[in-house]
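K.L.:
I am sharing data08.pdb, which consists of PDB, C-alpha atoms, pLDDT in the B column:
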MODEL        1
ATOM      1  CA  MET I   1       0.000   0.000   0.000  1.00 57.00           C
ATOM      2  CA  HIS I   2       2.065   2.921  -1.292  1.00 86.00           C
ATOM      3  CA  GLU I   3      -0.817   5.298  -0.596  1.00 95.00           C
ATOM      4  CA  LEU I   4       0.337   5.773   3.002  1.00 94.00           C
ATOM      5  CA  GLY I   5       3.753   6.901   1.760  1.00 95.00           C
ATOM      6  CA  ILE I   6       2.029   9.379  -0.543  1.00 96.00           C
ATOM      7  CA  VAL I   7      -0.040  10.670   2.379  1.00 97.00           C
ATOM      8  CA  PHE I   8       3.093  11.191   4.482  1.00 96.00           C
ATOM      9  CA  HIS I   9       4.783  13.043   1.613  1.00 96.00           C
ATOM     10  CA  VAL I  10       1.782  15.363   1.062  1.00 97.00           C
ATOM     11  CA  ILE I  11       1.449  16.076   4.788  1.00 97.00           C
ATOM     12  CA  LYS I  12       5.169  16.872   5.098  1.00 97.00           C
ATOM     13  CA  ARG I  13       5.017  19.274   2.150  1.00 97.00           C
ATOM     14  CA  LEU I  14       1.988  21.007   3.647  1.00 97.00           C
ATOM     15  CA  GLU I  15       3.556  21.209   7.109  1.00 97.00           C
ATOM     16  CA  ASN I  16       6.583  22.900   5.528  1.00 97.00           C
ATOM     17  CA  LEU I  17       4.305  25.279   3.623  1.00 96.00           C
ATOM     18  CA  ALA I  18       2.363  26.108   6.789  1.00 97.00           C
ATOM     19  CA  GLU I  19       5.593  26.921   8.622  1.00 96.00           C
ATOM     20  CA  GLU I  20       6.880  28.996   5.707  1.00 97.00           C
ATOM     21  CA  LYS I  21       3.649  31.001   5.401  1.00 96.00           C
ATOM     22  CA  GLY I  22       2.855  31.237   9.129  1.00 96.00           C
ATOM     23  CA  LEU I  23      -0.327  29.176   8.920  1.00 96.00           C
ATOM     24  CA  SER I  24      -1.670  27.759  12.168  1.00 96.00           C
ATOM     25  CA  GLN I  25      -4.136  25.239  10.746  1.00 97.00           C
ATOM     26  CA  ILE I  26      -4.786  23.575   7.393  1.00 98.00           C
ATOM     27  CA  THR I  27      -8.465  22.673   7.294  1.00 97.00           C
ATOM     28  CA  SER I  28      -8.786  20.994   3.900  1.00 98.00           C
ATOM     29  CA  VAL I  29      -6.676  19.764   1.011  1.00 98.00           C
ATOM     30  CA  THR I  30      -7.839  19.122  -2.545  1.00 98.00           C
ATOM     31  CA  LEU I  31      -5.826  16.594  -4.530  1.00 98.00           C
ATOM     32  CA  GLU I  32      -6.159  15.977  -8.250  1.00 98.00           C
ATOM     33  CA  LEU I  33      -5.821  12.263  -8.889  1.00 97.00           C
ATOM     34  CA  GLY I  34      -5.348  10.843 -12.375  1.00 97.00           C
ATOM     35  CA  GLU I  35      -7.551   7.968 -13.444  1.00 97.00           C
ATOM     36  CA  VAL I  36      -4.513   5.772 -14.225  1.00 97.00           C
ATOM     37  CA  SER I  37      -2.185   7.102 -11.518  1.00 96.00           C
ATOM     38  CA  GLY I  38      -2.086   3.752  -9.747  1.00 94.00           C
ATOM     39  CA  VAL I  39      -3.350   5.338  -6.531  1.00 96.00           C
ATOM     40  CA  VAL I  40      -6.438   3.782  -4.926  1.00 95.00           C
ATOM     41  CA  PRO I  41      -8.580   6.671  -3.608  1.00 96.00           C
ATOM     42  CA  GLU I  42     -10.097   4.609  -0.782  1.00 96.00           C
ATOM     43  CA  PHE I  43      -6.646   3.614   0.514  1.00 96.00           C
ATOM     44  CA  LEU I  44      -5.477   7.225   0.232  1.00 97.00           C
ATOM     45  CA  GLU I  45      -8.501   8.394   2.243  1.00 97.00           C
ATOM     46  CA  ASP I  46      -7.976   5.731   4.927  1.00 96.00           C
ATOM     47  CA  GLY I  47      -4.304   6.644   5.295  1.00 96.00           C
ATOM     48  CA  TRP I  48      -5.201  10.330   5.393  1.00 97.00           C
ATOM     49  CA  LYS I  49      -7.706   9.923   8.237  1.00 96.00           C
ATOM     50  CA  TRP I  50      -5.097   8.130  10.316  1.00 95.00           C
ATOM     51  CA  ALA I  51      -2.087  10.331   9.488  1.00 96.00           C
ATOM     52  CA  VAL I  52      -3.577  13.824   9.875  1.00 96.00           C
ATOM     53  CA  LYS I  53      -4.361  13.101  13.532  1.00 96.00           C
ATOM     54  CA  LYS I  54      -0.603  12.981  14.149  1.00 95.00           C
ATOM     55  CA  SER I  55       0.107  16.444  12.737  1.00 96.00           C
ATOM     56  CA  PRO I  56      -0.816  19.487  14.859  1.00 96.00           C
ATOM     57  CA  VAL I  57      -1.165  21.775  11.834  1.00 97.00           C
ATOM     58  CA  MET I  58      -3.117  19.153   9.819  1.00 96.00           C
ATOM     59  CA  LYS I  59      -5.254  17.696  12.624  1.00 95.00           C
ATOM     60  CA  ASN I  60      -8.712  16.817  11.238  1.00 92.00           C
ATOM     61  CA  ALA I  61      -7.950  18.337   7.813  1.00 97.00           C
ATOM     62  CA  LEU I  62     -10.487  17.196   5.249  1.00 98.00           C
ATOM     63  CA  LEU I  63      -9.222  15.460   2.105  1.00 98.00           C
ATOM     64  CA  LYS I  64     -11.019  16.219  -1.149  1.00 98.00           C
ATOM     65  CA  ILE I  65     -10.165  14.192  -4.245  1.00 98.00           C
ATOM     66  CA  GLU I  66     -10.869  15.364  -7.784  1.00 98.00           C
ATOM     67  CA  ASN I  67     -10.536  12.639 -10.398  1.00 97.00           C
ATOM     68  CA  LEU I  68      -8.785  13.525 -13.641  1.00 97.00           C
ATOM     69  CA  PRO I  69      -9.693  11.474 -16.715  1.00 98.00           C
ATOM     70  CA  ALA I  70      -6.983   9.581 -18.567  1.00 98.00           C
ATOM     71  CA  VAL I  71      -6.581  10.868 -22.127  1.00 98.00           C
ATOM     72  CA  THR I  72      -4.401   9.369 -24.843  1.00 98.00           C
ATOM     73  CA  LEU I  73      -3.224  11.087 -28.036  1.00 98.00           C
ATOM     74  CA  CYS I  74      -2.857   9.144 -31.260  1.00 98.00           C
ATOM     75  CA  ASN I  75       0.277  10.191 -33.136  1.00 98.00           C
ATOM     76  CA  SER I  76      -1.118   8.755 -36.390  1.00 98.00           C
ATOM     77  CA  CYS I  77      -4.414  10.622 -36.664  1.00 98.00           C
ATOM     78  CA  GLY I  78      -3.903  13.363 -34.056  1.00 98.00           C
ATOM     79  CA  LYS I  79      -7.100  12.615 -32.151  1.00 98.00           C
ATOM     80  CA  THR I  80      -7.496  12.015 -28.435  1.00 98.00           C
ATOM     81  CA  TYR I  81      -9.564   9.371 -26.705  1.00 98.00           C
ATOM     82  CA  SER I  82     -10.386   7.818 -23.327  1.00 98.00           C
ATOM     83  CA  THR I  83      -7.424   5.728 -22.206  1.00 98.00           C
ATOM     84  CA  VAL I  84      -9.409   3.537 -19.823  1.00 97.00           C
ATOM     85  CA  GLU I  85     -11.992   2.639 -22.440  1.00 97.00           C
ATOM     86  CA  PHE I  86      -9.649   1.954 -25.362  1.00 97.00           C
ATOM     87  CA  ALA I  87      -6.169   1.409 -23.820  1.00 96.00           C
ATOM     88  CA  LYS I  88      -3.282   1.789 -26.283  1.00 96.00           C
ATOM     89  CA  LYS I  89      -5.213   1.216 -29.521  1.00 97.00           C
ATOM     90  CA  CYS I  90      -6.768   4.314 -31.092  1.00 98.00           C
ATOM     91  CA  PRO I  91     -10.518   3.853 -31.661  1.00 98.00           C
ATOM     92  CA  HIS I  92     -10.417   6.323 -34.582  1.00 98.00           C
ATOM     93  CA  CYS I  93      -7.720   4.745 -36.782  1.00 98.00           C
ATOM     94  CA  ASN I  94      -6.659   1.522 -34.945  1.00 98.00           C
ATOM     95  CA  SER I  95      -3.077   2.723 -34.602  1.00 98.00           C
ATOM     96  CA  GLU I  96      -1.008   1.769 -31.577  1.00 98.00           C
ATOM     97  CA  ASP I  97       1.305   4.757 -32.042  1.00 98.00           C
ATOM     98  CA  THR I  98      -0.222   6.504 -29.052  1.00 98.00           C
ATOM     99  CA  VAL I  99       0.940   8.362 -25.962  1.00 98.00           C
ATOM    100  CA  LEU I 100      -0.736   9.079 -22.644  1.00 98.00           C
ATOM    101  CA  GLN I 101      -1.397  12.814 -22.379  1.00 97.00           C
ATOM    102  CA  ALA I 102      -3.107  13.062 -18.997  1.00 97.00           C
ATOM    103  CA  GLY I 103      -4.419  10.912 -16.211  1.00 97.00           C
ATOM    104  CA  ASN I 104      -1.357   9.546 -14.415  1.00 97.00           C
ATOM    105  CA  GLU I 105      -0.673  12.600 -12.274  1.00 96.00           C
ATOM    106  CA  MET I 106      -1.355  13.513  -8.672  1.00 96.00           C
ATOM    107  CA  ASN I 107      -1.285  17.197  -7.716  1.00 97.00           C
ATOM    108  CA  ILE I 108      -2.004  19.279  -4.662  1.00 97.00           C
ATOM    109  CA  LYS I 109      -4.581  21.583  -6.205  1.00 97.00           C
ATOM    110  CA  GLU I 110      -5.777  23.641  -3.275  1.00 97.00           C
ATOM    111  CA  ILE I 111      -5.565  24.043   0.464  1.00 97.00           C
ATOM    112  CA  GLU I 112      -7.777  25.883   2.908  1.00 97.00           C
ATOM    113  CA  ALA I 113      -5.954  27.268   5.915  1.00 96.00           C
ATOM    114  CA  ARG I 114      -5.960  29.922   8.585  1.00 89.00           C
TER     115      ARG I 114
ENDMDL
END
Could I get this file's structure written as structure tokens?

P.N.:
Amino acid sequence: MHELGIVFHVIKRLENLAEEKGLSQITSVTLELGEVSGVVPEFLEDGWKWAVKKSPVMKNALLKIENLPAVTLCNSCGKTYSTVEFAKKCPHCNSEDTVLQAGNEMNIKEIEAR
């Protein structure tokens, strides 16, 4: 379960940010999570609930997850399509000369703090 490691990394980054900016409490965090990022949202949420209790600045911070769709670009015809639905083979021209454009990322999008 690598999700717990991800949680620890995010919390550490936010603790550093809070110290840098003089924030006393982070109340919520919004993460963008790519559809094919390999991160299981439920495991991330479980790890979050446990880990934020251990951080004074993050205590009880709410985790919000925004899912980002996976999109693949076909180099042959130039069109994009849903990666999850069609995988590597372009549904427009049947080419396998494709590249993932979006959907494997995880970003801290927004925090609410005081």

K.L.:
Pick out the residues sitting within 12 Å of range 102-111 of chain I, and hand them over as a ChimeraX atom specification; count all atoms listed in the file, and ignore anything fewer than 6 positions along from it in its own chain.

P.N.:
/I:3,6-7,9-11,13-15,17-18,23,25-41,44,58,61-73,80-84

K.L.:
Contacts of Asp97 in chain I at 12 Å or less, counting all atoms listed in the file, minus same-chain residues fewer than 3 places along, as a VMD selection string?

P.N.:
chain I and resid 72 to 80 87 to 91 93 to 94 100

K.L.:
Which residues, written as an MDAnalysis selection string, have at least one atom at most 8 Å from Ala51 in chain I, with all atoms listed in the file counted and residues fewer than 3 positions away on the same chain left out?

P.N.:
chainID I and resid 7:8 47:48 54:55

K.L.:
Listed atoms of range 106-114 of chain I, axis-aligned box, 4 Å per side: centre and edge lengths to one decimal in Å, as lines of an AutoDock Vina configuration file?

P.N.:
center_x = -4.5
center_y = 21.7
center_z = 0.0
size_x = 14.5
size_y = 24.4
size_z = 25.3

K.L.:
State, in Å with one decimal place, the distance from CA of Lys12 in chain I to CA of Glu42 in chain I.

P.N.:
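One can read the CA of Lys12 in chain I to CA of Glu42 in chain I distance as 20.4 Å.
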
K.L.:
I'd like the interatomic distance between CA of Asn60 in chain I and CA of Ser24 in chain I, to a tenth of an Å.

P.N.:
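Distance between the two atoms: 13.0 Å.
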
K.L.:
Please measure the separation of CA of Pro56 in chain I and CA of His2 in chain I, giving the value in Å to one decimal.

P.N.:
23.3 Å
